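Note: the block below is work_28.csv and it holds CSV, C-alpha atoms.
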```
chain,number,residue,atom,x,y,z
A,24,MET,CA,4.1,-23.2,-3.8
A,25,GLY,CA,0.3,-22.9,-4.0
A,26,GLN,CA,-2.2,-25.4,-2.6
A,27,GLY,CA,-5.3,-24.4,-4.6
A,28,PRO,CA,-7.2,-21.1,-4.8
A,29,LEU,CA,-8.0,-20.9,-1.1
A,30,SER,CA,-4.6,-21.6,0.4
A,31,LEU,CA,-1.2,-20.2,-0.4
A,32,GLU,CA,2.3,-20.6,1.1
A,33,LEU,CA,5.2,-18.5,-0.1
A,34,GLU,CA,8.8,-18.0,1.1
A,35,ILE,CA,10.6,-14.9,0.0
A,36,PRO,CA,14.1,-13.5,0.6
A,37,SER,CA,14.5,-10.5,3.0
A,38,ASP,CA,14.2,-8.0,0.2
A,39,ILE,CA,11.5,-5.3,0.1
A,40,GLY,CA,11.5,-5.7,-3.7
A,41,TYR,CA,9.4,-8.8,-3.3
A,42,ILE,CA,6.6,-7.2,-1.3
A,43,GLU,CA,4.5,-5.9,-4.2
A,44,ASP,CA,4.4,-9.3,-6.0
A,45,VAL,CA,3.3,-11.1,-2.8
A,46,VAL,CA,0.6,-8.6,-2.1
A,47,ALA,CA,-0.6,-8.8,-5.7
A,48,GLU,CA,-0.9,-12.6,-5.5
A,49,VAL,CA,-2.8,-12.5,-2.2
A,50,VAL,CA,-5.1,-9.8,-3.5
A,51,ARG,CA,-5.7,-11.9,-6.6
A,52,ARG,CA,-6.7,-14.9,-4.5
A,53,CYS,CA,-9.0,-12.7,-2.4
A,54,GLU,CA,-10.6,-11.2,-5.5
A,55,ALA,CA,-11.3,-14.7,-6.8
A,56,ALA,CA,-12.8,-15.6,-3.4
A,57,ALA,CA,-15.2,-12.6,-3.8
A,58,PHE,CA,-13.9,-10.4,-1.0
A,59,SER,CA,-15.4,-6.9,-1.1
A,60,GLY,CA,-13.8,-4.3,-3.3
A,61,ARG,CA,-12.6,-2.2,-0.4
A,62,HIS,CA,-11.0,-5.1,1.4
A,63,VAL,CA,-9.2,-6.1,-1.9
A,64,ALA,CA,-8.2,-2.5,-2.9
A,65,PHE,CA,-7.4,-1.1,0.5
A,66,HIS,CA,-7.4,-3.2,3.7
A,67,ILE,CA,-5.6,-6.2,2.5
A,68,PRO,CA,-2.8,-4.6,0.4
A,69,VAL,CA,-2.0,-2.0,3.0
A,70,ALA,CA,-2.0,-4.3,6.0
A,71,LEU,CA,-0.1,-7.0,4.2
A,72,THR,CA,2.5,-4.6,3.0
A,73,GLU,CA,3.0,-3.4,6.5
A,74,ALA,CA,3.4,-6.9,7.9
A,75,LEU,CA,5.9,-7.9,5.2
A,76,SER,CA,7.8,-4.7,5.6
A,77,ASN,CA,8.1,-5.2,9.3
A,78,ALA,CA,9.3,-8.8,8.8
A,79,ILE,CA,11.9,-7.9,6.3
A,80,LEU,CA,13.2,-4.6,7.7
A,81,ARG,CA,12.8,-5.2,11.5
A,82,GLY,CA,12.4,-8.9,12.0
A,83,ASN,CA,15.2,-10.0,9.6
A,84,ALA,CA,17.0,-6.7,9.4
A,85,GLU,CA,17.2,-7.3,5.6
A,86,ASP,CA,19.7,-10.2,6.3
A,87,ALA,CA,19.9,-12.0,3.0
A,88,SER,CA,20.5,-15.3,4.7
A,89,LYS,CA,17.0,-15.1,6.3
A,90,SER,CA,13.6,-15.5,4.7
A,91,VAL,CA,10.0,-14.5,5.3
A,92,ARG,CA,7.3,-17.1,5.1
A,93,VAL,CA,3.7,-16.2,4.2
A,94,ARG,CA,0.8,-18.5,4.8
A,95,VAL,CA,-2.7,-17.5,3.5
A,96,ARG,CA,-6.0,-19.2,4.1
A,97,VAL,CA,-9.3,-18.0,2.7
A,98,ASP,CA,-12.6,-19.6,3.5
A,99,ALA,CA,-16.2,-18.6,3.6
A,100,HIS,CA,-15.8,-16.6,6.7
A,101,ALA,CA,-12.4,-14.9,6.7
A,102,LEU,CA,-8.9,-14.3,5.3
A,103,VAL,CA,-6.1,-15.4,7.7
A,104,VAL,CA,-2.6,-14.3,6.8
A,105,GLU,CA,0.5,-15.3,8.7
A,106,VAL,CA,3.8,-13.6,8.1
A,107,GLU,CA,6.8,-15.3,9.8
A,108,ASP,CA,10.3,-13.9,10.0
A,109,ASP,CA,13.5,-15.1,11.8
A,110,GLY,CA,13.7,-12.2,14.2
A,111,VAL,CA,13.3,-12.3,18.0
A,112,GLY,CA,9.8,-10.9,18.0
A,113,PHE,CA,8.3,-7.9,19.6
A,114,ASP,CA,5.6,-6.8,22.0
A,115,LEU,CA,2.6,-5.9,19.8
A,116,GLU,CA,0.9,-3.7,22.4
A,117,ALA,CA,4.0,-1.9,23.4
A,118,CYS,CA,5.1,-1.3,19.8
A,119,THR,CA,1.8,0.0,18.6
A,120,LEU,CA,1.9,3.8,18.8
A,121,ASP,CA,-1.0,6.1,18.3
A,122,PRO,CA,0.2,8.2,15.4
A,123,THR,CA,-2.8,10.6,15.6
A,124,THR,CA,-1.7,12.3,18.8
A,125,SER,CA,-0.2,15.8,18.5
A,126,ASP,CA,3.2,14.5,19.6
A,127,ASN,CA,3.2,11.8,17.0
A,128,LEU,CA,1.4,13.3,14.1
A,129,GLY,CA,4.6,14.8,12.6
A,130,ARG,CA,6.6,11.6,12.9
A,131,GLU,CA,7.8,9.9,9.8
A,132,ASP,CA,7.4,6.4,11.3
A,133,GLY,CA,5.1,4.6,13.7
A,134,ARG,CA,2.0,4.1,11.6
A,135,GLY,CA,2.6,0.5,10.4
A,136,LEU,CA,1.2,-1.5,13.3
A,137,PHE,CA,-1.5,1.1,13.9
A,138,LEU,CA,-2.7,0.6,10.3
A,139,MET,CA,-2.6,-3.2,10.5
A,140,ARG,CA,-4.8,-3.1,13.6
A,141,ARG,CA,-7.2,-0.6,12.1
A,142,LEU,CA,-7.6,-2.4,8.8
A,143,MET,CA,-7.8,-6.0,10.0
A,144,ASP,CA,-10.2,-7.4,12.5
A,145,LEU,CA,-7.5,-9.2,14.5
A,146,VAL,CA,-3.7,-8.9,14.7
A,147,GLU,CA,-1.8,-11.4,16.8
A,148,GLN,CA,1.9,-12.0,17.4
A,149,PHE,CA,3.4,-15.2,18.7
A,150,ARG,CA,6.5,-17.4,18.5
A,151,ALA,CA,6.6,-20.5,16.3
A,152,ARG,CA,9.7,-21.6,14.3
A,153,GLY,CA,10.2,-17.8,14.0
A,154,ASN,CA,8.3,-14.7,14.9
A,155,VAL,CA,4.7,-14.8,13.5
A,156,VAL,CA,2.2,-12.0,12.9
A,157,ARG,CA,-1.2,-13.4,12.1
A,158,MET,CA,-3.9,-11.1,10.7
A,159,THR,CA,-7.5,-12.0,10.3
A,160,LEU,CA,-10.1,-10.2,8.2
A,161,ARG,CA,-13.6,-11.4,8.4
A,162,ARG,CA,-16.0,-11.1,5.4
A,163,ARG,CA,-18.8,-8.6,5.7
A,164,SER,CA,-21.4,-7.3,3.4
A,165,SER,CA,-20.5,-3.6,3.8
A,166,ASP,CA,-17.2,-2.0,2.9
A,167,ASP,CA,-17.2,0.7,5.5
A,168,ARG,CA,-15.3,-0.8,8.4
A,169,ALA,CA,-12.5,1.7,8.4
A,170,ALA,CA,-14.6,4.7,7.7
B,29,MET,CA,4.8,2.0,-10.3
B,30,SER,CA,6.2,5.2,-11.6
B,31,PHE,CA,6.6,8.9,-10.7
B,32,THR,CA,6.2,11.6,-13.3
B,33,VAL,CA,7.2,15.3,-12.8
B,34,LYS,CA,5.4,18.1,-14.6
B,35,LYS,CA,5.3,21.8,-14.3
B,36,ALA,CA,2.1,23.8,-14.1
B,37,GLY,CA,3.2,27.5,-13.9
B,38,ASP,CA,5.3,27.8,-10.8
B,39,VAL,CA,3.9,24.6,-9.3
B,40,THR,CA,5.9,21.3,-9.6
B,41,VAL,CA,3.5,18.4,-9.9
B,42,PHE,CA,4.4,14.8,-9.1
B,43,GLU,CA,2.1,12.1,-10.4
B,44,VAL,CA,2.2,8.8,-8.5
B,45,GLU,CA,1.2,5.9,-10.7
B,46,GLY,CA,0.6,2.6,-8.8
B,47,THR,CA,1.8,2.3,-5.3
B,48,LEU,CA,3.7,4.5,-2.9
B,49,ILE,CA,5.2,2.0,-0.5
B,50,VAL,CA,8.3,0.9,1.3
B,51,GLY,CA,9.9,-0.4,-2.0
B,52,ASN,CA,9.7,2.9,-3.9
B,53,ARG,CA,9.3,5.7,-1.4
B,54,GLN,CA,13.0,6.7,-1.7
B,55,GLU,CA,12.6,7.2,-5.4
B,56,LEU,CA,9.9,9.8,-4.9
B,57,LYS,CA,11.7,11.4,-2.0
B,58,GLN,CA,14.8,11.9,-4.1
B,59,LYS,CA,12.9,13.3,-7.1
B,60,VAL,CA,11.1,15.8,-4.8
B,61,ILE,CA,14.4,16.8,-3.1
B,62,ASP,CA,16.1,17.3,-6.5
B,63,GLU,CA,13.3,19.7,-7.4
B,64,ILE,CA,13.5,21.5,-4.1
B,65,GLU,CA,17.2,21.9,-4.5
B,66,GLY,CA,16.5,23.2,-8.0
B,67,GLY,CA,14.4,25.9,-6.6
B,68,ALA,CA,10.9,24.4,-6.5
B,69,ARG,CA,8.8,25.8,-3.6
B,70,LYS,CA,5.3,24.9,-4.6
B,71,VAL,CA,4.9,21.1,-4.8
B,72,LEU,CA,1.8,19.2,-5.6
B,73,VAL,CA,1.5,15.4,-5.3
B,74,ASP,CA,-1.3,14.1,-7.5
B,75,PHE,CA,-2.7,10.7,-6.5
B,76,GLU,CA,-5.2,10.2,-9.3
B,77,LYS,CA,-3.4,7.1,-10.6
B,78,THR,CA,-2.4,5.8,-7.2
B,79,THR,CA,-3.6,2.4,-6.0
B,80,TYR,CA,-2.5,2.3,-2.4
B,81,ILE,CA,0.0,3.9,0.0
B,82,ASP,CA,1.6,2.3,3.1
B,83,SER,CA,3.0,3.8,6.3
B,84,SER,CA,6.4,4.3,4.6
B,85,GLY,CA,4.8,6.3,1.8
B,86,LEU,CA,2.9,8.4,4.4
B,87,GLY,CA,6.2,8.9,6.3
B,88,VAL,CA,7.9,10.2,3.1
B,89,LEU,CA,5.1,12.7,2.5
B,90,VAL,CA,5.4,14.0,6.1
B,91,SER,CA,9.2,14.2,5.8
B,92,LEU,CA,9.0,16.1,2.4
B,93,ALA,CA,6.4,18.5,3.8
B,94,LYS,CA,8.7,19.4,6.6
B,95,LYS,CA,11.6,19.9,4.3
B,96,ILE,CA,9.7,22.1,1.9
B,97,ARG,CA,8.3,24.2,4.7
B,98,GLU,CA,11.8,24.8,5.9
B,99,THR,CA,12.5,26.5,2.6
B,100,GLY,CA,9.4,28.6,2.8
B,101,GLY,CA,7.4,26.4,0.4
B,102,ASP,CA,4.5,24.1,0.7
B,103,LEU,CA,3.6,20.6,-0.4
B,104,ARG,CA,-0.1,19.9,-1.1
B,105,LEU,CA,-2.0,16.8,-2.2
B,106,ALA,CA,-4.8,16.2,-4.7
B,107,ASN,CA,-7.1,13.5,-6.1
B,108,LEU,CA,-7.3,11.1,-3.2
B,109,ASN,CA,-9.7,8.3,-3.9
B,110,ASP,CA,-12.1,7.1,-1.2
B,111,ASP,CA,-9.6,4.6,0.2
B,112,LEU,CA,-6.7,7.0,0.2
B,113,GLN,CA,-8.9,9.6,1.9
B,114,THR,CA,-9.8,7.1,4.6
B,115,LEU,CA,-6.1,6.3,5.0
B,116,PHE,CA,-5.4,10.0,5.6
B,117,GLU,CA,-8.4,10.3,8.0
B,118,LEU,CA,-7.4,7.2,10.0
B,119,THR,CA,-3.9,8.6,10.5
B,120,LYS,CA,-5.2,12.2,10.9
B,121,LEU,CA,-2.8,13.2,8.2
B,122,ASP,CA,-5.7,15.0,6.6
B,123,THR,CA,-5.1,17.6,9.3
B,124,LEU,CA,-1.5,18.0,8.4
B,125,PHE,CA,-1.8,18.4,4.6
B,126,GLN,CA,-3.9,20.6,2.4
B,127,ILE,CA,-5.8,18.2,0.2
B,128,SER,CA,-7.8,19.1,-2.9
B,129,GLU,CA,-10.3,17.0,-4.7
B,130,SER,CA,-8.8,17.8,-8.1
B,131,ARG,CA,-5.5,19.0,-9.6
B,132,GLY,CA,-7.2,22.2,-10.8
B,133,ARG,CA,-8.4,23.1,-7.4
B,134,ALA,CA,-5.0,22.3,-5.9
B,135,LEU,CA,-3.2,24.5,-8.4
B,136,GLU,CA,-5.7,27.4,-7.7
B,137,SER,CA,-5.0,27.0,-4.0
B,138,PHE,CA,-1.3,27.9,-4.2
```

For this file, write the structure as structure tokens.
Amino acid sequence: MGQGPLSLELEIPSDIGYIEDVVAEVVRRCEAAAFSGRHVAFHIPVALTEALSNAILRGNAEDASKSVRVRVRVDAHALVVEVEDDGVGFDLEACTLDPTTSDNLGREDGRGLFLMRRLMDLVEQFRARGNVVRMTLRRRSSDDRAA
Amino acid sequence: MSFTVKKAGDVTVFEVEGTLIVGNRQELKQKVIDEIEGGARKVLVDFEKTTYIDSSGLGVLVSLAKKIRETGGDLRLANLNDDLQTLFELTKLDTLFQISESRGRALESF
């Protein structure tokens, strides 16, 4: 399933029980590639958990016959992660709520896409074989992007 | 990941070890609800041993805080590391919860 330390492709069932293991594997690759501590401990695990959760729960509606594909590339400049599900896709802009407004602050949901976009440098959504969310996190010397 | 329940006087303390994410949030929610139904009104969630929390975990905390307030109680948080503190600040949930830097301070605050 792997293609060396800087590239990884995984396919998992539509089961949230797989999320933590996938995140741990991607984090391990990023640690090995010397991403900053804060990226490894915070930005990457939270954003990737959100993307996988969306793919499994919303994209594939936890349909056991559908899978989620994860493609990871790490190079000298950035981490690029693609999470692909078999759903119909969604409008990234329209679906990203601001959970910090007084109307939304008390909501239980609506923070996932917001966090992905705050913790990653770029979040894109497009159609390929399925619905793809691509997240890019550029390397930087300081760890204070989200602060 | 695991959740441990402890008593400190009349405060029920939940320790979250590892993650609080979509895959385990219901387990914490049920444990807290069980304690509320058993009479707990002062609830503290201690994140000293927590690695990361996702939006589902945050949502469960919001849900539980509402539920406890409806019974006249309160849910408070303690021991957020720098990353978790940033998470709460990004989502402005630091304005919704009373957050203490240590368990001792949190227990004193009730």

Kindly provide, as a list in words, the residues of chain B having any atom no farther than 8 Å from an atom of chain A, counting all atoms listed in the file.
->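 Here is what falls inside 8 Å: Ile49, Val50, Gly51, Thr79, Tyr80, Ile81, Asp82, Ser83, Ser84, Leu86, Gly87, Val88, Val90, Ser91, Asp111, Thr114, Leu118, Thr119, Lys120, Leu121 and Leu124 of chain B.
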
Of the candidates A:Ala151, A:Glu32, A:Cys118, A:Leu102, which one gets nearest to Ser59 in chain A if we count all atoms listed in the file?
->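 Using all atoms listed in the file, the shortest distance to Ser59 in chain A belongs to A:Leu102.
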
Excluding Ala47 in chain A and residues on its chain fewer than 6 positions from it, collect all residues at most 10 Å away from it, counting all atoms listed in the file, and give them as a PyMOL selection string.
-> chain A and resi 53+63+67-68

Residue neighbourhood Arg131 in chain B, 8 Å, all atoms listed in the file, exclusion window fewer than 2 positions, as a ChimeraX atom specification | /B:74,106-107,128-129,133-135

Got a sec: who's within 12 Å of Val33 in chain B, counting all atoms listed in the file, leaving out chain neighbours fewer than 6 positions off, as a PyMOL selection string?
-> chain B and resi 39-45+56+59-60+62-63+68+71-74

Please, what distance in Å, to one decimal, runs between CA of Ala93 in chain B and CA of Thr119 in chain A?
->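 Interatomic distance, CA of Ala93 in chain B to CA of Thr119 in chain A: 24.1 Å.
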
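For the residues A:Ala117, A:Ala74, A:Gly110, A:Ala87, ranking by smallest atom-to-atom distance to Val146 in chain A using all atoms listed in the file places A:Ala74 first.
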
Rank nothing, just name the residue among B:Gln58, B:Thr78, B:Thr47, B:Asn52 nearest to Asp110 in chain B, using only C-alpha atoms.
->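 Distance minimum relative to Asp110 in chain B lands on B:Thr78.
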
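Counting from CA of Leu89 in chain B, the distance to CA of Phe31 in chain B is 13.8 Å.
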
Missing atoms in range 36-59 of chain A need filling: write out N, CA, C and O atoms for it as a JSON list (two decimals), keeping the file's coordinate frame.
```
[["chain", "number", "residue", "atom", "x", "y", "z"],
["A", 36, "PRO", "N", 12.86, -13.99, -0.04],
["A", 36, "PRO", "CA", 14.10, -13.50, 0.60],
["A", 36, "PRO", "C", 13.75, -12.17, 1.38],
["A", 36, "PRO", "O", 12.72, -11.56, 1.17],
["A", 37, "SER", "N", 14.68, -11.78, 2.23],
["A", 37, "SER", "CA", 14.50, -10.50, 3.00],
["A", 37, "SER", "C", 14.84, -9.34, 2.15],
["A", 37, "SER", "O", 15.87, -8.68, 2.34],
["A", 38, "ASP", "N", 13.96, -9.07, 1.20],
["A", 38, "ASP", "CA", 14.20, -8.00, 0.20],
["A", 38, "ASP", "C", 12.83, -7.32, -0.02],
["A", 38, "ASP", "O", 11.89, -7.98, -0.48],
["A", 39, "ILE", "N", 12.77, -6.03, 0.25],
["A", 39, "ILE", "CA", 11.50, -5.30, 0.10],
["A", 39, "ILE", "C", 11.00, -5.31, -1.35],
["A", 39, "ILE", "O", 9.83, -5.04, -1.60],
["A", 40, "GLY", "N", 11.87, -5.60, -2.28],
["A", 40, "GLY", "CA", 11.50, -5.70, -3.70],
["A", 40, "GLY", "C", 10.47, -6.76, -3.99],
["A", 40, "GLY", "O", 9.82, -6.74, -5.04],
["A", 41, "TYR", "N", 10.33, -7.71, -3.09],
["A", 41, "TYR", "CA", 9.40, -8.80, -3.30],
["A", 41, "TYR", "C", 7.98, -8.50, -2.79],
["A", 41, "TYR", "O", 7.03, -9.24, -3.07],
["A", 42, "ILE", "N", 7.85, -7.45, -2.01],
["A", 42, "ILE", "CA", 6.60, -7.20, -1.30],
["A", 42, "ILE", "C", 5.41, -7.04, -2.30],
["A", 42, "ILE", "O", 4.36, -7.66, -2.14],
["A", 43, "GLU", "N", 5.62, -6.22, -3.31],
["A", 43, "GLU", "CA", 4.50, -5.90, -4.20],
["A", 43, "GLU", "C", 3.96, -7.15, -4.90],
["A", 43, "GLU", "O", 2.75, -7.30, -5.09],
["A", 44, "ASP", "N", 4.84, -8.04, -5.29],
["A", 44, "ASP", "CA", 4.40, -9.30, -6.00],
["A", 44, "ASP", "C", 3.61, -10.18, -5.03],
["A", 44, "ASP", "O", 2.62, -10.79, -5.44],
["A", 45, "VAL", "N", 4.07, -10.28, -3.79],
["A", 45, "VAL", "CA", 3.30, -11.10, -2.80],
["A", 45, "VAL", "C", 1.95, -10.52, -2.57],
["A", 45, "VAL", "O", 0.94, -11.24, -2.57],
["A", 46, "VAL", "N", 1.91, -9.22, -2.38],
["A", 46, "VAL", "CA", 0.60, -8.60, -2.10],
["A", 46, "VAL", "C", -0.32, -8.78, -3.32],
["A", 46, "VAL", "O", -1.49, -9.10, -3.14],
["A", 47, "ALA", "N", 0.21, -8.61, -4.52],
["A", 47, "ALA", "CA", -0.60, -8.80, -5.70],
["A", 47, "ALA", "C", -1.19, -10.20, -5.79],
["A", 47, "ALA", "O", -2.35, -10.39, -6.16],
["A", 48, "GLU", "N", -0.39, -11.19, -5.42],
["A", 48, "GLU", "CA", -0.90, -12.60, -5.50],
["A", 48, "GLU", "C", -1.96, -12.83, -4.43],
["A", 48, "GLU", "O", -2.97, -13.47, -4.73],
["A", 49, "VAL", "N", -1.76, -12.31, -3.24],
["A", 49, "VAL", "CA", -2.80, -12.50, -2.20],
["A", 49, "VAL", "C", -4.07, -11.76, -2.57],
["A", 49, "VAL", "O", -5.18, -12.29, -2.41],
["A", 50, "VAL", "N", -3.92, -10.56, -3.09],
["A", 50, "VAL", "CA", -5.10, -9.80, -3.50],
["A", 50, "VAL", "C", -5.84, -10.54, -4.61],
["A", 50, "VAL", "O", -7.07, -10.61, -4.61],
["A", 51, "ARG", "N", -5.09, -11.12, -5.53],
["A", 51, "ARG", "CA", -5.70, -11.90, -6.60],
["A", 51, "ARG", "C", -6.54, -13.04, -6.06],
["A", 51, "ARG", "O", -7.67, -13.29, -6.49],
["A", 52, "ARG", "N", -5.99, -13.73, -5.09],
["A", 52, "ARG", "CA", -6.70, -14.90, -4.50],
["A", 52, "ARG", "C", -7.99, -14.35, -3.77],
["A", 52, "ARG", "O", -9.04, -15.00, -3.79],
["A", 53, "CYS", "N", -7.87, -13.21, -3.11],
["A", 53, "CYS", "CA", -9.00, -12.70, -2.40],
["A", 53, "CYS", "C", -10.10, -12.16, -3.34],
["A", 53, "CYS", "O", -11.30, -12.27, -3.08],
["A", 54, "GLU", "N", -9.66, -11.59, -4.46],
["A", 54, "GLU", "CA", -10.60, -11.20, -5.50],
["A", 54, "GLU", "C", -11.38, -12.40, -6.00],
["A", 54, "GLU", "O", -12.61, -12.37, -6.15],
["A", 55, "ALA", "N", -10.64, -13.46, -6.27],
["A", 55, "ALA", "CA", -11.30, -14.70, -6.80],
["A", 55, "ALA", "C", -12.22, -15.28, -5.76],
["A", 55, "ALA", "O", -13.19, -15.95, -6.11],
["A", 56, "ALA", "N", -11.94, -15.03, -4.48],
["A", 56, "ALA", "CA", -12.80, -15.60, -3.40],
["A", 56, "ALA", "C", -13.91, -14.58, -3.05],
["A", 56, "ALA", "O", -14.58, -14.75, -2.03],
["A", 57, "ALA", "N", -14.06, -13.54, -3.88],
["A", 57, "ALA", "CA", -15.20, -12.60, -3.80],
["A", 57, "ALA", "C", -15.16, -11.77, -2.47],
["A", 57, "ALA", "O", -16.20, -11.47, -1.91],
["A", 58, "PHE", "N", -13.97, -11.40, -2.05],
["A", 58, "PHE", "CA", -13.90, -10.40, -1.00],
["A", 58, "PHE", "C", -14.37, -9.07, -1.52],
["A", 58, "PHE", "O", -14.31, -8.81, -2.72],
["A", 59, "SER", "N", -14.81, -8.20, -0.63],
["A", 59, "SER", "CA", -15.40, -6.90, -1.10],
["A", 59, "SER", "C", -14.29, -6.06, -1.73],
["A", 59, "SER", "O", -13.09, -6.20, -1.48]]
```
